[in-house]
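Student: Got a structure for you, questions after.
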Amino acid sequence: MIMPLLSVRNLTVQFRVDSGWVTAVDDVSLDVGEGDCVGIVGESGSGKSVTALSILQLHQRATTRIPSGTITYQGQDLLRERGSTMRRIRGSEIAMIFQDPMSSLNPVLTIADQISETLRQHQGLTGVAARKRVVELLGLVRIPDATRRADDYPHRLSGGMRQRVMIAMAIACKPRLLIADEPTTALDVTIQAQILELLRDLRKELKMSVMLISHDLGVIAEFAQSVIVMYAGRVVEEAPVAQLFRRPVHPYTVGLIAAVPKLDSDAPRLATIAGRIPGPQEIIVGCRFSPRCALVQPRCRDEPPLMQPVSDGQSARCPPRILVLGERHG
Amino acid sequence: MTDTGLGSLTTVHAIAAPRGYGAWRRLLRHRSFVIGSSIILLLTLAAVLAPLISPVDPSAMRVRFRFRPPSQAFWFGTDMFGRDVFTRVLYGARVSLFVGFAVCVVSGLCSAILGVIAAQFRRLDGAIMRLMDALMSFPAILLALGIAAALGPRVSSVIIALTVAYIPAGVRIVRAAALTVREMDFVQAAQVSGASSLRIVLRHILPNCLSPLLVHLTFIFAYAMLAEAALSFLGVGIQPPIASWGNIIAEGRDYATEAWWVMLFPGIAISLAALSLNLLGDALGDMLDPRLKGGE
């Protein structure tokens, strides 16, 4: 088996609150292979972003702890790295773009200045050389009239343009992995499509892996090759994208897919999943989804379910359902 | 994008255009800014060109001409030693503006550094801010009075005293701004791109905290000038025969009933300078307030 580019194993992340420590991410494992595009889907508070930020060690050290788990990038355990090694990896090996392009750019620096920061940091480019590369990058993310735009301050750009600038900053040093944390959430639908298309093209051109975090199944379906579904800090299902939509296993995934509004549906109300996501401080012994699950069984509430393989590439954290499906297919 | 068909000339012009070109144009349309900066500019010019404007020695005493009221020969009259008040006000502007400017720069620098350190390095925060609280618990002028008295009556000690007195407010302003800025997404974005923490502070946090400080400093400039006048008036500031607006008034106060002009004109100069700096501060406040900054 080829070693994946990034491999997260049994990662648990806890944050300090007044009453002690709460677990935001619980025993998460995932792999991102070379050139892969992995989607992580889940609702707010499910631990998607926390997982991503842990990879780059961007949590406040004083209020965060990682009691277990490893994050291996090209054979290197990132959780052991500190300071300058981590700074070298950030930006040049693993880059990240954020949800809100409006606040992700420094208002007092021009576009060119901000992109050159990364170039200076990792490639030692300054002056004319940096400037040339900046214009090149802005062209690459399809910003029209790049030479002129480079000297603009962020407030003169629209949201979509700013997200393009963010992407230009992220890909400036040709990272091998791009973490996109809800890159299209703050944008309107037409711009969303453009940004996704841009990301898709760049992924091919630069041969980078992408980890796309979203709560939008549509975005995931369009973009990702494999999908990880997270619920309340845990991975509940993992599958190739086609498989996930064709045959979702975990009741939560089933509910999520059913909740996507369909244009051809006559149903008077949109489908929902009853109940709400448990807070990080609520202690649920068994399956975290059991309070909302229609198929709940007594043992779901007693012991935490384990990830189990369902079929090729697909696994889920719901033994009762896997058993039922197995009988039906077997 | 409306730039289709732009000639290369326009593009070149856009690249060559100085940064913040639009901001300058907006400033120049702001009435308070124009009035405030013109007065300050005039006063500064008057101070710098004092020997050219009035060829008389500001300390030259001519007892024959004591207490002459304002006239064609003595525009602002003369004082009890027959010195020309107009010349003394001109030379006094040098001292007063210099003190104001120096206090402004030094306390501005110290505030920026201490404020950002307090915001960024949480362990030092407590120590720095308690020290600032301690300084703040004294009225600024009293603190300055004490320090100036302890250091001896010199221009430098007035500057040091006033700087110490005005640092706490500036530190608080910068710290508050830095605490907001450091939580912004672009700081995290900079971290993601591998910037060191020093780089983040200097390049991303500090520049975004400067606008409230800048506004504050224009007021500090005015306060410092007033305080210098007060210190000189009280006798611990600039010592005679060097003229400062404060000590001209101090010397004139014994003769206020007979020779009102000795106190009036430096007083007008102080008010004018303070007024113009306040106008300037207001204008900068308006301009730098991000909520008022349109899409341009």
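Labels used: A, B, ... for chains in the order of the structure tokens, numbers from 1 for residues in each chain, and numbers from 1 for ligands as shown.
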Can you work out which residues from chain B touch chain A at a cut-off of 6 Å (counting only C-alpha atoms) and hand them back as a PDB file with N, CA and C atoms, in the first residue's frame?
Tutor:
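Saved file iface.pdb follows:
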```
ATOM      1  N   ASP B 185      -9.607  36.971  10.847  1.00  0.00           N
ATOM      2  CA  ASP B 185      -9.249  35.850   9.979  1.00  0.00           C
ATOM      3  C   ASP B 185      -7.922  36.058   9.263  1.00  0.00           C
ATOM      4  N   PHE B 186      -7.607  37.310   8.906  1.00  0.00           N
ATOM      5  CA  PHE B 186      -6.390  37.480   8.113  1.00  0.00           C
ATOM      6  C   PHE B 186      -5.136  37.206   8.932  1.00  0.00           C
ATOM      7  N   VAL B 192      -1.307  30.652   8.603  1.00  0.00           N
ATOM      8  CA  VAL B 192      -1.399  29.509   7.711  1.00  0.00           C
ATOM      9  C   VAL B 192      -0.327  29.577   6.633  1.00  0.00           C
ATOM     10  N   SER B 193      -0.022  30.814   6.187  1.00  0.00           N
ATOM     11  CA  SER B 193       0.969  30.900   5.124  1.00  0.00           C
ATOM     12  C   SER B 193       2.383  30.874   5.682  1.00  0.00           C
ATOM     13  N   GLY B 194       2.509  30.634   6.981  1.00  0.00           N
ATOM     14  CA  GLY B 194       3.824  30.366   7.541  1.00  0.00           C
ATOM     15  C   GLY B 194       4.572  31.580   8.068  1.00  0.00           C
TER      16      GLY B 194
END
```
Student: Apply DSSP to the structure's backbone, then extract all residues of region 103-225 of chain A labelled strand (DSSP E) and return them as a PyMOL selection string.
Tutor: chain A and resi 177-181+209-214
Student: Show which residues sit within 10 Å of Leu198 (chain A), as a PyMOL selection string. Count only C-alpha atoms, and ignore same-chain residues fewer than 5 positions away.
Tutor: chain A and resi 140-142+164+167+192-193+203
Student: Can you tell me which residues surround region 146-149 of chain B at a distance of at most 9 Å, considering only C-alpha atoms, apart from same-chain residues fewer than 5 positions away, and format the answer as an MDAnalysis selection string?
Tutor: chainID B and resid 141 154 157:162 164 231 236:237
Student: Keeping only N, CA and C atoms, take the residues you just selected and write them out as a compact mmCIF listing (two decimals), in the first residue's frame.
Tutor:
```txt
# COMPACT_ATOMS: atom_id res chain seq x y z
N ILE B 141 -1.44 65.83 34.67
CA ILE B 141 -0.66 67.06 34.86
C ILE B 141 0.12 67.01 36.17
N ARG B 154 14.17 71.58 32.34
CA ARG B 154 14.79 71.57 31.01
C ARG B 154 13.74 71.15 29.99
N SER B 157 13.31 67.36 30.08
CA SER B 157 12.54 66.78 31.19
C SER B 157 11.05 67.03 31.03
N VAL B 158 10.70 68.16 30.41
CA VAL B 158 9.27 68.39 30.14
C VAL B 158 8.76 67.31 29.19
N ILE B 159 9.57 67.02 28.17
CA ILE B 159 9.15 66.00 27.19
C ILE B 159 9.01 64.64 27.87
N ILE B 160 10.00 64.26 28.67
CA ILE B 160 9.93 62.97 29.35
C ILE B 160 8.70 62.91 30.26
N ALA B 161 8.52 63.97 31.04
CA ALA B 161 7.41 64.00 31.99
C ALA B 161 6.07 63.83 31.28
N LEU B 162 5.89 64.58 30.19
CA LEU B 162 4.61 64.51 29.50
C LEU B 162 4.43 63.18 28.78
N VAL B 164 5.59 60.24 29.75
CA VAL B 164 5.18 59.26 30.77
C VAL B 164 3.71 59.47 31.13
N LEU B 231 2.97 73.74 32.70
CA LEU B 231 4.19 73.48 33.47
C LEU B 231 5.08 74.71 33.49
N VAL B 236 8.02 74.92 36.43
CA VAL B 236 8.88 73.74 36.32
C VAL B 236 9.16 73.39 34.87
N GLY B 237 8.64 74.21 33.96
CA GLY B 237 8.80 73.87 32.55
C GLY B 237 9.98 74.58 31.94
```
Student: Which of region 54-194 of chain A end up as alpha helix (DSSP H) when DSSP is run on this backbone - answer as a ChimeraX atom specification?
Tutor: /A:54-55,83-92,111-123,127-140,146-149,159-171,189-194
Student: Might you pull out every residue within 12 Å of region 53-58 of chain B, with only C-alpha atoms counted and same-chain residues fewer than 6 positions away left off, and present them as a VMD selection string?
Tutor: chain B and resid 45 to 47 73 to 75 78 to 79 81 to 92 240 to 244 248
Student: Go through A:Gly313, A:Gly275, A:Gly255, A:Pro280 and flag the residue nearest Phe15 (chain A), using only C-alpha atoms for the distances.
Tutor: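 The closest residue to Phe15 (chain A) is A:Pro280.
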Student: For the atom pair CA of Ile220 (chain B) and CA of Tyr166 (chain B), what is the interatomic distance in Å to one decimal place?
Tutor: 7.3 Å
Student: Need the shell around Leu27 (chain B): protein/DNA/RNA residues with any atom at most 10 Å away, counting only C-alpha atoms. Skip same-chain ones fewer than 3 positions apart. Format as a list in words?
Tutor: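 Listed by chain and then number, they are Gly22, Ala23, Trp24, His30, Arg31, Ser32, Phe33, Val34, Ala283, Leu284, Asp286 and Met287 of chain B.
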Student: Would you compute the distance between CA of Glu205 (chain A) and CA of Pro183 (chain A)? Give it in Å to one decimal.
Tutor: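 Pair CA of Glu205 (chain A) / CA of Pro183 (chain A) returns 19.0 Å.
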Student: Need the shell around Trp245 (chain B): protein/DNA/RNA residues with any atom at most 10 Å away, counting only C-alpha atoms. Skip same-chain ones fewer than 3 positions apart. Format as a list in words?
Tutor: Arg88, Val89, Leu90, Tyr91, Gly92, Ala93, Arg94, Val95, Ser96, Leu97, Met225, Leu226, Glu228, Ala229, Ala230, Ser232, Phe233, Ile238, Ile248, Ile249, Ala250, Met263, Phe265, Pro266, Gly267, Ile268, Ala269 and Ile270 of chain B
Student: Of the candidates A:Gln297, A:Ser214, A:Ser68, A:Ser209, which one gets nearest to Thr184 (chain A) if we count only C-alpha atoms?
Tutor: A:Ser214
